[in-house]
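*Asks:* One file: coords_13.txt (compact mmCIF, N, CA and C atoms).
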```txt
# COMPACT_ATOMS: atom_id res chain seq x y z
N MET A 202 -21.70 -0.69 3.56
CA MET A 202 -22.87 -0.71 4.42
C MET A 202 -22.39 -0.64 5.87
N LEU A 203 -22.98 0.22 6.62
CA LEU A 203 -22.61 0.38 8.03
C LEU A 203 -23.53 -0.43 8.93
N TYR A 204 -22.93 -1.05 9.92
CA TYR A 204 -23.64 -1.72 10.99
C TYR A 204 -23.16 -1.07 12.28
N PHE A 205 -23.91 -1.24 13.33
CA PHE A 205 -23.52 -0.69 14.62
C PHE A 205 -23.35 -1.83 15.62
N ILE A 206 -22.27 -1.76 16.40
CA ILE A 206 -22.04 -2.73 17.46
C ILE A 206 -21.94 -1.98 18.77
N LYS A 207 -22.35 -2.66 19.83
CA LYS A 207 -22.31 -2.04 21.16
C LYS A 207 -20.92 -2.25 21.76
N GLN A 208 -20.25 -1.16 22.04
CA GLN A 208 -18.94 -1.17 22.66
C GLN A 208 -19.00 -0.28 23.88
N ASP A 209 -18.72 -0.85 25.04
CA ASP A 209 -18.85 -0.15 26.32
C ASP A 209 -20.28 0.38 26.42
N LYS A 210 -20.47 1.67 26.49
CA LYS A 210 -21.83 2.21 26.63
C LYS A 210 -22.27 3.00 25.42
N CYS A 211 -21.64 2.74 24.26
CA CYS A 211 -22.02 3.47 23.05
C CYS A 211 -22.15 2.51 21.88
N LEU A 212 -22.71 2.99 20.80
CA LEU A 212 -22.82 2.22 19.58
C LEU A 212 -21.72 2.69 18.63
N LYS A 213 -20.94 1.77 18.11
CA LYS A 213 -19.84 2.10 17.21
C LYS A 213 -20.19 1.62 15.81
N ALA A 214 -20.00 2.49 14.83
CA ALA A 214 -20.27 2.14 13.44
C ALA A 214 -19.10 1.35 12.87
N ILE A 215 -19.42 0.25 12.20
CA ILE A 215 -18.40 -0.52 11.49
C ILE A 215 -18.89 -0.76 10.06
N ASN A 216 -17.95 -0.83 9.15
CA ASN A 216 -18.27 -1.13 7.76
C ASN A 216 -18.13 -2.63 7.56
N ILE A 217 -19.19 -3.29 7.11
CA ILE A 217 -19.12 -4.75 7.00
C ILE A 217 -18.12 -5.20 5.95
N LYS A 218 -17.72 -4.32 5.04
CA LYS A 218 -16.70 -4.68 4.06
C LYS A 218 -15.34 -4.89 4.72
N ASP A 219 -15.17 -4.38 5.95
CA ASP A 219 -13.91 -4.53 6.67
C ASP A 219 -13.86 -5.79 7.54
N ILE A 220 -14.98 -6.52 7.62
CA ILE A 220 -15.00 -7.75 8.41
C ILE A 220 -14.29 -8.85 7.63
N CYS A 221 -13.35 -9.52 8.28
CA CYS A 221 -12.64 -10.66 7.68
C CYS A 221 -13.28 -11.98 8.09
N LEU A 222 -13.48 -12.14 9.40
CA LEU A 222 -14.11 -13.34 9.90
C LEU A 222 -14.71 -13.07 11.27
N ILE A 223 -15.61 -13.94 11.64
CA ILE A 223 -16.29 -13.85 12.93
C ILE A 223 -16.13 -15.20 13.60
N GLU A 224 -15.71 -15.19 14.86
CA GLU A 224 -15.52 -16.46 15.55
C GLU A 224 -16.28 -16.50 16.87
N SER A 225 -16.81 -17.66 17.17
CA SER A 225 -17.57 -17.87 18.40
C SER A 225 -16.64 -17.93 19.60
N GLN A 226 -17.10 -17.30 20.68
CA GLN A 226 -16.38 -17.36 21.96
C GLN A 226 -17.41 -17.49 23.07
N GLY A 227 -18.06 -18.65 23.11
CA GLY A 227 -19.10 -18.90 24.11
C GLY A 227 -20.33 -18.06 23.83
N ASP A 228 -20.72 -17.22 24.80
CA ASP A 228 -21.88 -16.34 24.62
C ASP A 228 -21.51 -15.06 23.88
N TYR A 229 -20.31 -14.98 23.39
CA TYR A 229 -19.81 -13.79 22.69
C TYR A 229 -19.31 -14.19 21.31
N VAL A 230 -19.13 -13.21 20.44
CA VAL A 230 -18.48 -13.42 19.16
C VAL A 230 -17.38 -12.38 19.01
N LYS A 231 -16.31 -12.81 18.38
CA LYS A 231 -15.20 -11.91 18.10
C LYS A 231 -15.26 -11.57 16.62
N ILE A 232 -15.38 -10.29 16.33
CA ILE A 232 -15.42 -9.81 14.95
C ILE A 232 -14.01 -9.36 14.59
N ASN A 233 -13.37 -10.11 13.69
CA ASN A 233 -12.02 -9.80 13.24
C ASN A 233 -12.13 -8.94 12.00
N MET A 234 -11.60 -7.73 12.10
CA MET A 234 -11.70 -6.77 10.99
C MET A 234 -10.31 -6.38 10.51
N VAL A 235 -10.27 -5.75 9.37
CA VAL A 235 -9.02 -5.24 8.83
C VAL A 235 -8.41 -4.25 9.81
N THR A 236 -9.24 -3.46 10.48
CA THR A 236 -8.77 -2.38 11.35
C THR A 236 -8.64 -2.76 12.82
N GLY A 237 -9.03 -3.96 13.20
CA GLY A 237 -8.95 -4.37 14.60
C GLY A 237 -10.02 -5.41 14.92
N ASN A 238 -10.16 -5.73 16.19
CA ASN A 238 -11.11 -6.76 16.62
C ASN A 238 -12.09 -6.19 17.63
N TYR A 239 -13.30 -6.74 17.62
CA TYR A 239 -14.33 -6.36 18.58
C TYR A 239 -14.97 -7.62 19.13
N VAL A 240 -15.23 -7.63 20.42
CA VAL A 240 -15.94 -8.73 21.05
C VAL A 240 -17.29 -8.19 21.50
N ILE A 241 -18.36 -8.87 21.06
CA ILE A 241 -19.70 -8.43 21.42
C ILE A 241 -20.50 -9.62 21.95
N HIS A 242 -21.53 -9.31 22.72
CA HIS A 242 -22.41 -10.34 23.26
C HIS A 242 -23.45 -10.67 22.20
N SER A 243 -23.35 -11.86 21.63
CA SER A 243 -24.28 -12.29 20.58
C SER A 243 -24.03 -13.77 20.30
N THR A 244 -24.92 -14.36 19.53
CA THR A 244 -24.72 -15.73 19.07
C THR A 244 -24.33 -15.69 17.60
N MET A 245 -23.73 -16.76 17.14
CA MET A 245 -23.35 -16.85 15.73
C MET A 245 -24.59 -16.78 14.84
N LYS A 246 -25.66 -17.44 15.26
CA LYS A 246 -26.89 -17.43 14.45
C LYS A 246 -27.45 -16.02 14.32
N ASP A 247 -27.49 -15.27 15.43
CA ASP A 247 -28.01 -13.90 15.37
C ASP A 247 -27.17 -13.02 14.44
N ILE A 248 -25.86 -13.19 14.51
CA ILE A 248 -24.97 -12.42 13.64
C ILE A 248 -25.19 -12.80 12.18
N LEU A 249 -25.21 -14.10 11.90
CA LEU A 249 -25.37 -14.57 10.53
C LEU A 249 -26.69 -14.11 9.93
N ASP A 250 -27.75 -14.09 10.73
CA ASP A 250 -29.06 -13.65 10.24
C ASP A 250 -29.06 -12.17 9.81
N LYS A 251 -28.13 -11.38 10.34
CA LYS A 251 -28.08 -9.95 10.04
C LYS A 251 -27.12 -9.61 8.90
N LEU A 252 -26.32 -10.58 8.47
CA LEU A 252 -25.33 -10.33 7.43
C LEU A 252 -25.86 -10.73 6.05
N PRO A 253 -25.39 -10.07 4.99
CA PRO A 253 -25.82 -10.46 3.64
C PRO A 253 -25.30 -11.85 3.27
N PRO A 254 -26.19 -12.78 2.95
CA PRO A 254 -25.78 -14.17 2.71
C PRO A 254 -24.85 -14.35 1.51
N LYS A 255 -24.88 -13.45 0.56
CA LYS A 255 -23.99 -13.59 -0.60
C LYS A 255 -22.54 -13.25 -0.25
N ASP A 256 -22.32 -12.54 0.84
CA ASP A 256 -20.97 -12.11 1.22
C ASP A 256 -20.35 -12.96 2.33
N PHE A 257 -21.16 -13.63 3.13
CA PHE A 257 -20.65 -14.36 4.29
C PHE A 257 -21.10 -15.81 4.24
N TYR A 258 -20.24 -16.69 4.77
CA TYR A 258 -20.57 -18.12 4.80
C TYR A 258 -20.11 -18.70 6.14
N ARG A 259 -20.97 -19.47 6.75
CA ARG A 259 -20.61 -20.14 8.00
C ARG A 259 -19.94 -21.46 7.64
N ILE A 260 -18.61 -21.47 7.73
CA ILE A 260 -17.85 -22.64 7.31
C ILE A 260 -17.70 -23.69 8.41
N HIS A 261 -18.01 -23.29 9.64
CA HIS A 261 -17.81 -24.15 10.80
C HIS A 261 -18.74 -23.62 11.89
N ASN A 262 -19.09 -24.44 12.88
CA ASN A 262 -19.92 -23.95 13.98
C ASN A 262 -19.31 -22.73 14.66
N SER A 263 -17.99 -22.63 14.62
CA SER A 263 -17.30 -21.55 15.32
C SER A 263 -16.84 -20.41 14.43
N TYR A 264 -17.05 -20.50 13.09
CA TYR A 264 -16.50 -19.48 12.20
C TYR A 264 -17.47 -19.08 11.08
N ILE A 265 -17.54 -17.78 10.87
CA ILE A 265 -18.20 -17.20 9.70
C ILE A 265 -17.12 -16.40 8.98
N VAL A 266 -17.00 -16.59 7.66
CA VAL A 266 -15.98 -15.85 6.92
C VAL A 266 -16.63 -14.95 5.87
N ARG A 267 -15.97 -13.86 5.59
CA ARG A 267 -16.37 -13.01 4.46
C ARG A 267 -15.69 -13.61 3.24
N CYS A 268 -16.47 -14.03 2.27
CA CYS A 268 -15.96 -14.81 1.14
C CYS A 268 -14.87 -14.07 0.36
N ASP A 269 -14.99 -12.76 0.19
CA ASP A 269 -13.97 -12.04 -0.59
C ASP A 269 -12.69 -11.78 0.19
N LYS A 270 -12.62 -12.21 1.44
CA LYS A 270 -11.39 -12.09 2.24
C LYS A 270 -10.60 -13.40 2.27
N ILE A 271 -11.14 -14.46 1.66
CA ILE A 271 -10.43 -15.74 1.60
C ILE A 271 -9.30 -15.61 0.59
N THR A 272 -8.08 -15.96 1.03
CA THR A 272 -6.93 -15.87 0.13
C THR A 272 -6.53 -17.23 -0.44
N SER A 273 -6.87 -18.31 0.25
CA SER A 273 -6.58 -19.64 -0.29
C SER A 273 -7.45 -20.68 0.40
N ILE A 274 -7.59 -21.82 -0.30
CA ILE A 274 -8.31 -22.97 0.24
C ILE A 274 -7.44 -24.19 -0.01
N GLU A 275 -7.17 -24.93 1.05
CA GLU A 275 -6.37 -26.14 0.92
C GLU A 275 -6.99 -27.23 1.78
N GLY A 276 -7.41 -28.30 1.14
CA GLY A 276 -8.06 -29.38 1.87
C GLY A 276 -9.34 -28.86 2.51
N ASN A 277 -9.47 -29.04 3.81
CA ASN A 277 -10.64 -28.57 4.55
C ASN A 277 -10.33 -27.33 5.35
N CYS A 278 -9.45 -26.47 4.85
CA CYS A 278 -9.09 -25.23 5.53
C CYS A 278 -9.08 -24.06 4.56
N VAL A 279 -9.44 -22.90 5.06
CA VAL A 279 -9.34 -21.67 4.29
C VAL A 279 -8.39 -20.73 5.02
N THR A 280 -7.75 -19.85 4.26
CA THR A 280 -6.89 -18.84 4.86
C THR A 280 -7.57 -17.49 4.70
N VAL A 281 -7.74 -16.81 5.83
CA VAL A 281 -8.36 -15.49 5.87
C VAL A 281 -7.48 -14.60 6.73
N ASN A 282 -6.99 -13.52 6.15
CA ASN A 282 -6.17 -12.57 6.90
C ASN A 282 -5.01 -13.28 7.61
N LYS A 283 -4.34 -14.17 6.88
CA LYS A 283 -3.18 -14.94 7.35
C LYS A 283 -3.51 -15.97 8.43
N ARG A 284 -4.79 -16.23 8.67
CA ARG A 284 -5.21 -17.26 9.63
C ARG A 284 -5.79 -18.44 8.89
N VAL A 285 -5.40 -19.63 9.31
CA VAL A 285 -5.93 -20.85 8.72
C VAL A 285 -7.13 -21.27 9.55
N ILE A 286 -8.29 -21.39 8.89
CA ILE A 286 -9.56 -21.67 9.56
C ILE A 286 -10.10 -23.01 9.03
N PRO A 287 -10.52 -23.92 9.91
CA PRO A 287 -11.06 -25.20 9.44
C PRO A 287 -12.47 -25.03 8.86
N VAL A 288 -12.76 -25.83 7.84
CA VAL A 288 -14.11 -25.93 7.29
C VAL A 288 -14.64 -27.28 7.75
N SER A 289 -15.82 -27.28 8.36
CA SER A 289 -16.36 -28.55 8.88
C SER A 289 -16.68 -29.51 7.74
N GLN A 290 -16.57 -30.79 8.03
CA GLN A 290 -16.87 -31.83 7.05
C GLN A 290 -18.29 -31.67 6.50
N ASN A 291 -19.23 -31.26 7.35
CA ASN A 291 -20.62 -31.10 6.91
C ASN A 291 -20.79 -29.94 5.94
N ASN A 292 -19.90 -28.95 5.99
CA ASN A 292 -20.07 -27.75 5.17
C ASN A 292 -19.17 -27.68 3.95
N ILE A 293 -18.16 -28.53 3.84
CA ILE A 293 -17.16 -28.39 2.79
C ILE A 293 -17.75 -28.50 1.39
N ALA A 294 -18.63 -29.45 1.14
CA ALA A 294 -19.20 -29.62 -0.20
C ALA A 294 -20.05 -28.42 -0.59
N ASP A 295 -20.95 -27.98 0.29
CA ASP A 295 -21.79 -26.82 -0.01
C ASP A 295 -20.95 -25.57 -0.18
N PHE A 296 -19.93 -25.42 0.66
CA PHE A 296 -19.07 -24.25 0.57
C PHE A 296 -18.37 -24.19 -0.78
N LYS A 297 -17.81 -25.31 -1.22
CA LYS A 297 -17.11 -25.33 -2.50
C LYS A 297 -18.05 -25.08 -3.66
N ASN A 298 -19.32 -25.47 -3.51
CA ASN A 298 -20.31 -25.21 -4.56
C ASN A 298 -20.63 -23.72 -4.70
N THR A 299 -20.40 -22.94 -3.65
CA THR A 299 -20.68 -21.50 -3.73
C THR A 299 -19.55 -20.73 -4.40
N LEU A 300 -18.39 -21.39 -4.59
CA LEU A 300 -17.23 -20.72 -5.16
C LEU A 300 -17.29 -20.68 -6.68
N THR A 301 -16.71 -19.65 -7.25
CA THR A 301 -16.53 -19.58 -8.70
C THR A 301 -15.12 -20.06 -8.99
N ILE A 302 -15.03 -21.20 -9.64
CA ILE A 302 -13.73 -21.79 -9.94
C ILE A 302 -13.53 -21.78 -11.44
N LEU A 303 -12.43 -21.20 -11.88
CA LEU A 303 -12.12 -21.12 -13.32
C LEU A 303 -11.34 -22.33 -13.77
```
Before anything else, please render the file you have as structure tokens.

*Replies:*
Amino acid sequence: MLYFIKQDKCLKAINIKDICLIESQGDYVKINMVTGNYVIHSTMKDILDKLPPKDFYRIHNSYIVRCDKITSIEGNCVTVNKRVIPVSQNNIADFKNTLTIL
């Protein structure tokens, strides 16, 4: 599925399957992708409202992760694209309930 983000004075198409994680940076968000990073003017809530809820989870006030990009979970942290991201205490139980554990 393609989404468009505003970069400079044009709209750039991105494939949401390439998004690894999204992190808050004040009035901006940084979209970390397999192919690179983009910083756009938006709030985490606005971004989350536009993403498919089955694919993305807000694990912390500052982080949204694409669930299929998580490579490991240890304690209250997840690893996404070789980055260790904290899961907030308020979200850890609900987050673990969304996982399929064999």

*Asks:* Hey, which of A:Lys255, A:Asp247, A:Val240, A:Glu275 ends up closest to Gln208 of chain A? Count only N, CA and C atoms.

*Replies:*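 Distance minimum relative to Gln208 of chain A lands on A:Val240.
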
*Asks:* Using DSSP on the backbone, list every residue of chain A that comes out as alpha helix (DSSP H), and give them as a list of chain:residue names.

*Replies:* A:Met245, A:Lys246, A:Asp247, A:Ile248, A:Leu249, A:Asp250, A:Lys251, A:Ile293, A:Ala294, A:Asp295, A:Phe296, A:Lys297, A:Asn298, A:Thr299

*Asks:* Can you pull out the residues contacting Leu203 of chain A? Cut-off 6.5 Å, using all atoms listed in the file, and skip same-chain residues under 4 positions away; I want them as a ChimeraX atom specification.

*Replies:* /A:214-217

*Asks:* Which is closer to Met234 of chain A than all the others in A:Cys278, A:Cys221, A:Val288, A:Leu252, using only C-alpha atoms?

*Replies:*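 Checking each candidate against Met234 of chain A, we get A:Cys221 as the closest.
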
*Asks:* Anything within 8 Å of (-24.1, -5.8, 21.1): list those residues as a list in words, counting only N, CA and C atoms and sticking to the file's coordinates.

*Replies:*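 Final list of nearby residues, as requested, is Phe205, Ile206, Lys207, Gln208, Val240, Ile241, His242 and Ser243 of chain A.
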
*Asks:* Grab the residues selected above and save them as a PDB file, in the coordinates of the input with N, CA and C atoms.

*Replies:*
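The new file part_31.pdb reads:
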```pdb
ATOM      1  N   PHE A 205     -23.910  -1.240  13.330  1.00  0.00           N
ATOM      2  CA  PHE A 205     -23.520  -0.690  14.620  1.00  0.00           C
ATOM      3  C   PHE A 205     -23.350  -1.830  15.620  1.00  0.00           C
ATOM      4  N   ILE A 206     -22.270  -1.760  16.400  1.00  0.00           N
ATOM      5  CA  ILE A 206     -22.040  -2.730  17.460  1.00  0.00           C
ATOM      6  C   ILE A 206     -21.940  -1.980  18.770  1.00  0.00           C
ATOM      7  N   LYS A 207     -22.350  -2.660  19.830  1.00  0.00           N
ATOM      8  CA  LYS A 207     -22.310  -2.040  21.160  1.00  0.00           C
ATOM      9  C   LYS A 207     -20.920  -2.250  21.760  1.00  0.00           C
ATOM     10  N   GLN A 208     -20.250  -1.160  22.040  1.00  0.00           N
ATOM     11  CA  GLN A 208     -18.940  -1.170  22.660  1.00  0.00           C
ATOM     12  C   GLN A 208     -19.000  -0.280  23.880  1.00  0.00           C
ATOM     13  N   VAL A 240     -15.230  -7.630  20.420  1.00  0.00           N
ATOM     14  CA  VAL A 240     -15.940  -8.730  21.050  1.00  0.00           C
ATOM     15  C   VAL A 240     -17.290  -8.190  21.500  1.00  0.00           C
ATOM     16  N   ILE A 241     -18.360  -8.870  21.060  1.00  0.00           N
ATOM     17  CA  ILE A 241     -19.700  -8.430  21.420  1.00  0.00           C
ATOM     18  C   ILE A 241     -20.500  -9.620  21.950  1.00  0.00           C
ATOM     19  N   HIS A 242     -21.530  -9.310  22.720  1.00  0.00           N
ATOM     20  CA  HIS A 242     -22.410 -10.340  23.260  1.00  0.00           C
ATOM     21  C   HIS A 242     -23.450 -10.670  22.200  1.00  0.00           C
ATOM     22  N   SER A 243     -23.350 -11.860  21.630  1.00  0.00           N
ATOM     23  CA  SER A 243     -24.280 -12.290  20.580  1.00  0.00           C
ATOM     24  C   SER A 243     -24.030 -13.770  20.300  1.00  0.00           C
TER      25      SER A 243
END
```

*Asks:* Ranking A:Ile223, A:Val285, A:Ala294, A:Ile232 by minimum distance to Tyr264 of chain A and counting only C-alpha atoms, which one comes first?

*Replies:*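 Result for the nearest residue to Tyr264 of chain A: A:Ile223.
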
*Asks:* Excluding same-chain residues fewer than 4 positions from Asn292 of chain A, what lies within 7 Å of it counting all atoms listed in the file, as a ChimeraX atom specification?

*Replies:* /A:259-261,288,296-297

*Asks:* Any idea what's packed within 12 Å of segment 271-274 of chain A, counting only C-alpha atoms, ignoring anything in its chain fewer than 3 positions away? Could you give it as a ChimeraX atom specification?

*Replies:* /A:220-222,256-258,260,265-268,277-288,293,296-297,300,302

*Asks:* Please extract the residues of chain A with a backbone DSSP assignment of strand (DSSP E) and present them as a compact mmCIF listing (two decimals) with N, CA and C atoms, in the coordinates of the input.

*Replies:*
```txt
# COMPACT_ATOMS: atom_id res chain seq x y z
N LEU A 203 -22.98 0.22 6.62
CA LEU A 203 -22.61 0.38 8.03
C LEU A 203 -23.53 -0.43 8.93
N TYR A 204 -22.93 -1.05 9.92
CA TYR A 204 -23.64 -1.72 10.99
C TYR A 204 -23.16 -1.07 12.28
N PHE A 205 -23.91 -1.24 13.33
CA PHE A 205 -23.52 -0.69 14.62
C PHE A 205 -23.35 -1.83 15.62
N ILE A 206 -22.27 -1.76 16.40
CA ILE A 206 -22.04 -2.73 17.46
C ILE A 206 -21.94 -1.98 18.77
N LYS A 207 -22.35 -2.66 19.83
CA LYS A 207 -22.31 -2.04 21.16
C LYS A 207 -20.92 -2.25 21.76
N GLN A 208 -20.25 -1.16 22.04
CA GLN A 208 -18.94 -1.17 22.66
C GLN A 208 -19.00 -0.28 23.88
N CYS A 211 -21.64 2.74 24.26
CA CYS A 211 -22.02 3.47 23.05
C CYS A 211 -22.15 2.51 21.88
N LEU A 212 -22.71 2.99 20.80
CA LEU A 212 -22.82 2.22 19.58
C LEU A 212 -21.72 2.69 18.63
N LYS A 213 -20.94 1.77 18.11
CA LYS A 213 -19.84 2.10 17.21
C LYS A 213 -20.19 1.62 15.81
N ALA A 214 -20.00 2.49 14.83
CA ALA A 214 -20.27 2.14 13.44
C ALA A 214 -19.10 1.35 12.87
N ILE A 215 -19.42 0.25 12.20
CA ILE A 215 -18.40 -0.52 11.49
C ILE A 215 -18.89 -0.76 10.06
N ASN A 216 -17.95 -0.83 9.15
CA ASN A 216 -18.27 -1.13 7.76
C ASN A 216 -18.13 -2.63 7.56
N ILE A 220 -14.98 -6.52 7.62
CA ILE A 220 -15.00 -7.75 8.41
C ILE A 220 -14.29 -8.85 7.63
N CYS A 221 -13.35 -9.52 8.28
CA CYS A 221 -12.64 -10.66 7.68
C CYS A 221 -13.28 -11.98 8.09
N LEU A 222 -13.48 -12.14 9.40
CA LEU A 222 -14.11 -13.34 9.90
C LEU A 222 -14.71 -13.07 11.27
N ILE A 223 -15.61 -13.94 11.64
CA ILE A 223 -16.29 -13.85 12.93
C ILE A 223 -16.13 -15.20 13.60
N GLU A 224 -15.71 -15.19 14.86
CA GLU A 224 -15.52 -16.46 15.55
C GLU A 224 -16.28 -16.50 16.87
N SER A 225 -16.81 -17.66 17.17
CA SER A 225 -17.57 -17.87 18.40
C SER A 225 -16.64 -17.93 19.60
N GLN A 226 -17.10 -17.30 20.68
CA GLN A 226 -16.38 -17.36 21.96
C GLN A 226 -17.41 -17.49 23.07
N TYR A 229 -20.31 -14.98 23.39
CA TYR A 229 -19.81 -13.79 22.69
C TYR A 229 -19.31 -14.19 21.31
N VAL A 230 -19.13 -13.21 20.44
CA VAL A 230 -18.48 -13.42 19.16
C VAL A 230 -17.38 -12.38 19.01
N LYS A 231 -16.31 -12.81 18.38
CA LYS A 231 -15.20 -11.91 18.10
C LYS A 231 -15.26 -11.57 16.62
N ILE A 232 -15.38 -10.29 16.33
CA ILE A 232 -15.42 -9.81 14.95
C ILE A 232 -14.01 -9.36 14.59
N ASN A 233 -13.37 -10.11 13.69
CA ASN A 233 -12.02 -9.80 13.24
C ASN A 233 -12.13 -8.94 12.00
N MET A 234 -11.60 -7.73 12.10
CA MET A 234 -11.70 -6.77 10.99
C MET A 234 -10.31 -6.38 10.51
N GLY A 237 -9.03 -3.96 13.20
CA GLY A 237 -8.95 -4.37 14.60
C GLY A 237 -10.02 -5.41 14.92
N ASN A 238 -10.16 -5.73 16.19
CA ASN A 238 -11.11 -6.76 16.62
C ASN A 238 -12.09 -6.19 17.63
N TYR A 239 -13.30 -6.74 17.62
CA TYR A 239 -14.33 -6.36 18.58
C TYR A 239 -14.97 -7.62 19.13
N VAL A 240 -15.23 -7.63 20.42
CA VAL A 240 -15.94 -8.73 21.05
C VAL A 240 -17.29 -8.19 21.50
N ILE A 241 -18.36 -8.87 21.06
CA ILE A 241 -19.70 -8.43 21.42
C ILE A 241 -20.50 -9.62 21.95
N HIS A 242 -21.53 -9.31 22.72
CA HIS A 242 -22.41 -10.34 23.26
C HIS A 242 -23.45 -10.67 22.20
N PHE A 257 -21.16 -13.63 3.13
CA PHE A 257 -20.65 -14.36 4.29
C PHE A 257 -21.10 -15.81 4.24
N TYR A 258 -20.24 -16.69 4.77
CA TYR A 258 -20.57 -18.12 4.80
C TYR A 258 -20.11 -18.70 6.14
N ARG A 259 -20.97 -19.47 6.75
CA ARG A 259 -20.61 -20.14 8.00
C ARG A 259 -19.94 -21.46 7.64
N ILE A 260 -18.61 -21.47 7.73
CA ILE A 260 -17.85 -22.64 7.31
C ILE A 260 -17.70 -23.69 8.41
N HIS A 261 -18.01 -23.29 9.64
CA HIS A 261 -17.81 -24.15 10.80
C HIS A 261 -18.74 -23.62 11.89
N TYR A 264 -17.05 -20.50 13.09
CA TYR A 264 -16.50 -19.48 12.20
C TYR A 264 -17.47 -19.08 11.08
N ILE A 265 -17.54 -17.78 10.87
CA ILE A 265 -18.20 -17.20 9.70
C ILE A 265 -17.12 -16.40 8.98
N VAL A 266 -17.00 -16.59 7.66
CA VAL A 266 -15.98 -15.85 6.92
C VAL A 266 -16.63 -14.95 5.87
N ARG A 267 -15.97 -13.86 5.59
CA ARG A 267 -16.37 -13.01 4.46
C ARG A 267 -15.69 -13.61 3.24
N ILE A 271 -11.14 -14.46 1.66
CA ILE A 271 -10.43 -15.74 1.60
C ILE A 271 -9.30 -15.61 0.59
N THR A 272 -8.08 -15.96 1.03
CA THR A 272 -6.93 -15.87 0.13
C THR A 272 -6.53 -17.23 -0.44
N SER A 273 -6.87 -18.31 0.25
CA SER A 273 -6.58 -19.64 -0.29
C SER A 273 -7.45 -20.68 0.40
N ILE A 274 -7.59 -21.82 -0.30
CA ILE A 274 -8.31 -22.97 0.24
C ILE A 274 -7.44 -24.19 -0.01
N GLU A 275 -7.17 -24.93 1.05
CA GLU A 275 -6.37 -26.14 0.92
C GLU A 275 -6.99 -27.23 1.78
N CYS A 278 -9.45 -26.47 4.85
CA CYS A 278 -9.09 -25.23 5.53
C CYS A 278 -9.08 -24.06 4.56
N VAL A 279 -9.44 -22.90 5.06
CA VAL A 279 -9.34 -21.67 4.29
C VAL A 279 -8.39 -20.73 5.02
N THR A 280 -7.75 -19.85 4.26
CA THR A 280 -6.89 -18.84 4.86
C THR A 280 -7.57 -17.49 4.70
N VAL A 281 -7.74 -16.81 5.83
CA VAL A 281 -8.36 -15.49 5.87
C VAL A 281 -7.48 -14.60 6.73
N ARG A 284 -4.79 -16.23 8.67
CA ARG A 284 -5.21 -17.26 9.63
C ARG A 284 -5.79 -18.44 8.89
N VAL A 285 -5.40 -19.63 9.31
CA VAL A 285 -5.93 -20.85 8.72
C VAL A 285 -7.13 -21.27 9.55
N ILE A 286 -8.29 -21.39 8.89
CA ILE A 286 -9.56 -21.67 9.56
C ILE A 286 -10.10 -23.01 9.03
N PRO A 287 -10.52 -23.92 9.91
CA PRO A 287 -11.06 -25.20 9.44
C PRO A 287 -12.47 -25.03 8.86
```

*Asks:* One number please: atom C of Asp219 of chain A to atom C of Gly237 of chain A, in Å, one decimal.

*Replies:*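 Spanning atom C of Asp219 of chain A to atom C of Gly237 of chain A is a straight-line distance of 8.3 Å.
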
*Asks:* I'd like the interatomic distance between atom CA of Gly227 of chain A and atom CA of Thr244 of chain A, to a tenth of an Å.

*Replies:*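 Atom-to-atom, atom CA of Gly227 of chain A to atom CA of Thr244 of chain A, that is 8.2 Å.
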
*Asks:* Just give me the gap between atom C of Cys211 of chain A and atom C of Asn238 of chain A in Å, one decimal is fine.

*Replies:* 14.0 Å

*Asks:* Report as AutoDock Vina command-line options the centre and the edge lengths, in Å to one decimal, of the axis-aligned box holding every listed atom of segment 287-294 of chain A, padded by 3 Å on each side.

*Replies:*
```
--center_x -15.7 --center_y -27.9 --center_z 4.7 --size_x 16.3 --size_y 13.9 --size_z 16.5
```

*Asks:* Have a look at A:Tyr204, A:Val235, A:Lys210, A:Thr299 and name the one nearest to Pro254 of chain A; count only C-alpha atoms.

*Replies:*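 With only C-alpha atoms as the atom set, the closest residue is A:Thr299.
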